[in-house]
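Engineer: I have a structure I would like to understand better, so I am pasting it below and will then ask my questions one at a time.
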Amino acid sequence: MTLYSRVIGAFRPQKRLNRSFAVSFMLFGLLLGFGAFMVLPLIYTVNNAFKPLDELFIFPPRFLVRNPTLENFTDLMVIMGNSWVPFTRYIANTLLITLVGTAGHILLASAAAYPLAKFKFPGSSVLFKIVVLSLMFSPHVTAIPNYLVMSQLGWINTQAAIIVPSLAFSLGLFLMKQFMEQIPDALIEAAKIDGANEYRVFWQIVMPNVKPAWLTLMILQFPALWGTDGGSFIYSENLKTLHYALSQVIQGGIARAGVGAAVALLLMTVPILLFIISQSSVIQTMATSGMKE
Amino acid sequence: MVQIHNTTEPALQGLAGGPLKESRLAQLWKDIKKSKHYYFMMSPYMIIFFLFTVIPVVVSFGLSFFYFNMLETPRFIGWENYSRLLLGDDVFMIALKNTFLFAVITGPLSYIACFLFAWLINELSPFVRSLMTLVFYAPSISGNVFFIWLIVFSGDSYGYLNGFLMKIGVLLEPIQWLQNEKYILAIVIIVQLWLSLGTSFLAFIAGLQTVDQTLFEAGAMDGIRNRWQELWFITLPSMRPQLMFGAVMQITASFAVAEVSIALAGFPSVNYAGHTVVTHLMDYGTLRFEMGYASAIATILFAIMLGTNMMTQKLLRKVGE
């Protein structure tokens, strides 16, 4: 299928009954209007990152870039190269938190979800109910006791304070469990009859079959950690993250506006690319994410 | 659910006789021992989950009856934190009012927007569908990039909105959007809405794709006349699970507005115009170190979130009836 026919296909009347053209036209106008509202700030960020200084401070402000330049990115390297903590350090910190936090979450949430999805044992339904209940309040509620626990553990000012709690976000377990329930029981029983123990069944049968669910957990967890600034747990400059470095650049003032735009572009590109790559799998998992009544 | 292990066990236990209570306990212990692998697999997640989610909620509730400043040992003061909070704290009342305003506006609006856009996108061809999904979902994962709205609402003439309004002649002088309490709430709501098409939006798109298409044909036979009836009687009831899930996500997010308000309007914002329960919590928890008082705020927030979720779920069960 060519690109042309793919796009045009969108506006062909559906093979569905009860459709009036006027209402369709209005509804899709609405969709396009709000789509523009959603996407324009992002397009603006992209354009800003490539604007030379004179275009950034033009009046009235211009939306699109006229003479794109890589100046902002090279400036970023220079500024960060001169700072006390090298820029690569911020990137390394962010990558550590994001990769360990995401991979660990997928592994731990899957291991916990498998028994809950497939077996009944004392406490299983109570545990799952607690997890579902915890979906209903935001992490802000637990911020203060969390800080106390962290300081008791001596984890203040270490990356563990960010990584470890993120391993057990309740949304991941919830989605994983709903998805695993769809694996046929016969598959698991067959593996057991062939002599596989629980751990082997989990690792060699269940995990390969829930690949779309991993990707979903990844797409939910990755941006959250990628955008963390260390919060109230990390104080050392050389443990701070990319997002923190960015906010420092922005506070640096007007002369660095272009550099700020460059970092913003770096920050938003990675999660968006990740989503583009995994989109279809993510939606497949979400289809099963209903809450049990 | 399968019960691979203990399908026949209870019956056998019953035949074996003995005092009923004891045998139940023995049975329970047997089940637990039999499931030890399951407990083992769950333990890393559950230990962390309890340590950083469940226990903190309990501790927070307990702490709300104490005076605690992180230095001295906590001192029990009963309901004092709550009475001070609800009767003597004017700023908390502003925060509560703002939070409910945010929740009442962004909650339902973002929920409806999630569904409406998912529903419209679902009728597009696959390629355009994935493109539009990306367009609507991208802001919520580029998360912390919402400070670009600072440039839009910047108070000088380089601000995008000011520049635009001055160019077309609506304004003569730039407006300090984020320093004027008349505008702060509205601006935070707009940006919050921009960010709000997240997990529930994806769940709705996916839910719509799983609706049984033959239902629509059957519905047309049964006299469904337009797309609105189709929506109410067929589409919505078919995706009730996703609707429930989405409601939980959107409600929780709309009561927890804080980051956007702090990033745009500052902390504290002018005349507390962007102050919410969560920023109030941060104020007492991380700046004033009145942990007992902050815990009382957290407990009230917890109760509000839980209550609203329960109520909404009850309402959603009526969909399509």
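Identifiers for the structure tokens are assigned positionally: chains receive A, B, ... in sequence, residues are indexed from 1 per chain, and ligands are indexed from 1 in the order shown.
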Excluding Ala298 in chain B and any residue of its chain fewer than 6 positions from it, enumerate the residues within 8 Å of it, using only C-alpha atoms, and give them as a list of chain:residue names.

Structural biologist: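 The residues satisfying every condition are A:His140, A:Val141, A:Thr142, B:Ser60, B:Val278, B:Leu281.
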
Engineer: Once you have the residues from the selection above, write them out as an mmCIF file, in the first residue's frame, restricted to all heavy atoms.

Structural biologist:
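What landed in again-v3.cif:
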```cif
data_model
loop_
_atom_site.group_PDB
_atom_site.id
_atom_site.type_symbol
_atom_site.label_atom_id
_atom_site.label_comp_id
_atom_site.auth_asym_id
_atom_site.auth_seq_id
_atom_site.Cartn_x
_atom_site.Cartn_y
_atom_site.Cartn_z
ATOM 1 N N HIS A 140 2.435 10.977 46.032
ATOM 2 C CA HIS A 140 2.647 12.094 46.960
ATOM 3 C C HIS A 140 2.205 11.733 48.368
ATOM 4 O O HIS A 140 2.744 12.236 49.339
ATOM 5 C CB HIS A 140 1.868 13.319 46.496
ATOM 6 C CG HIS A 140 2.282 13.780 45.140
ATOM 7 N ND1 HIS A 140 3.502 14.351 44.907
ATOM 8 C CD2 HIS A 140 1.655 13.749 43.945
ATOM 9 C CE1 HIS A 140 3.602 14.652 43.635
ATOM 10 N NE2 HIS A 140 2.494 14.291 43.023
ATOM 11 N N VAL A 141 1.174 10.870 48.447
ATOM 12 C CA VAL A 141 0.623 10.491 49.738
ATOM 13 C C VAL A 141 1.687 9.840 50.620
ATOM 14 O O VAL A 141 1.708 10.011 51.824
ATOM 15 C CB VAL A 141 -0.585 9.541 49.531
ATOM 16 C CG1 VAL A 141 -1.006 8.918 50.831
ATOM 17 C CG2 VAL A 141 -1.733 10.287 48.883
ATOM 18 N N THR A 142 2.592 9.100 49.968
ATOM 19 C CA THR A 142 3.559 8.332 50.747
ATOM 20 C C THR A 142 4.928 9.005 50.827
ATOM 21 O O THR A 142 5.880 8.417 51.321
ATOM 22 C CB THR A 142 3.733 6.934 50.139
ATOM 23 O OG1 THR A 142 4.112 7.090 48.771
ATOM 24 C CG2 THR A 142 2.471 6.132 50.223
ATOM 25 N N SER B 60 1.934 6.965 57.560
ATOM 26 C CA SER B 60 1.456 8.328 57.348
ATOM 27 C C SER B 60 0.191 8.581 58.162
ATOM 28 O O SER B 60 0.033 9.628 58.788
ATOM 29 C CB SER B 60 1.189 8.549 55.863
ATOM 30 O OG SER B 60 0.862 9.872 55.629
ATOM 31 N N VAL B 278 -1.366 18.962 47.238
ATOM 32 C CA VAL B 278 -0.035 18.366 47.162
ATOM 33 C C VAL B 278 1.059 19.411 47.405
ATOM 34 O O VAL B 278 2.033 19.136 48.110
ATOM 35 C CB VAL B 278 0.187 17.649 45.813
ATOM 36 C CG1 VAL B 278 1.622 17.158 45.705
ATOM 37 C CG2 VAL B 278 -0.762 16.483 45.677
ATOM 38 N N LEU B 281 1.183 19.969 51.004
ATOM 39 C CA LEU B 281 1.878 18.824 51.605
ATOM 40 C C LEU B 281 3.390 18.995 51.484
ATOM 41 O O LEU B 281 4.142 18.766 52.436
ATOM 42 C CB LEU B 281 1.404 17.550 50.894
ATOM 43 C CG LEU B 281 2.078 16.217 51.161
ATOM 44 C CD1 LEU B 281 1.870 15.775 52.577
ATOM 45 C CD2 LEU B 281 1.508 15.164 50.223
#
```

Engineer: Residues near range 82-89 of chain B, anyone? I mean within 12 Å using only C-alpha atoms, not counting same-chain ones fewer than 6 positions away, as number ranges by chain.

Structural biologist: B: 61, 63-67, 95-96, 277, 280-281, 284, 292-300

Engineer: Taking 3 positions as the minimum chain separation for residues in the same chain, which residues sit within 12 Å of Leu40 in chain A when counting only C-alpha atoms? Answer as a ChimeraX atom specification.

Structural biologist: /A:32-37,43-48,63-64 /B:135-136,138-139,148-149,152,194

Engineer: Taking a cut-off of 12 Å and counting only C-alpha atoms, can you build a table that, for each residue of range 56-134 of chain B near range 308-317 of chain B, reports the nearest atom pair and how far apart they are in Å (one decimal), sorted by chain then residue number, as a tab-separated table?

Structural biologist:
```
residue	atom	partner	partner_atom	distance
B:Phe100	CA	B:Thr308	CA	11.0
B:Ala103	CA	B:Thr308	CA	10.1
B:Val104	CA	B:Thr308	CA	10.8
B:Gly107	CA	B:Thr308	CA	10.7
B:Pro108	CA	B:Thr312	CA	10.5
B:Tyr111	CA	B:Thr312	CA	11.6
```

Engineer: Among range 120-266 of chain B, which ones does DSSP place in alpha helix (DSSP H), written as an NGL selection string?

Structural biologist: :B and (120-121 or 126-141 or 148-152 or 160-167 or 181-195 or 199-209 or 214-221 or 227-230 or 236-238 or 240-255 or 259-265)

Engineer: Of the residues A:Val259, A:Val100, A:Met286, A:Ile276, which is the one nearest to Asp75 in chain A, using only C-alpha atoms?

Structural biologist: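 Nearest to Asp75 in chain A: A:Val259.
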
Engineer: How many Å separate CA of Pro139 in chain A from CA of Met41 in chain B?

Structural biologist: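 The value is 24.9 Å.
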
Engineer: Restricting the calculation to only C-alpha atoms, which member of B:Phe92, B:Phe68, B:Met249, B:Val58 is positioned closest to Phe302 in chain B?

Structural biologist: B:Val58
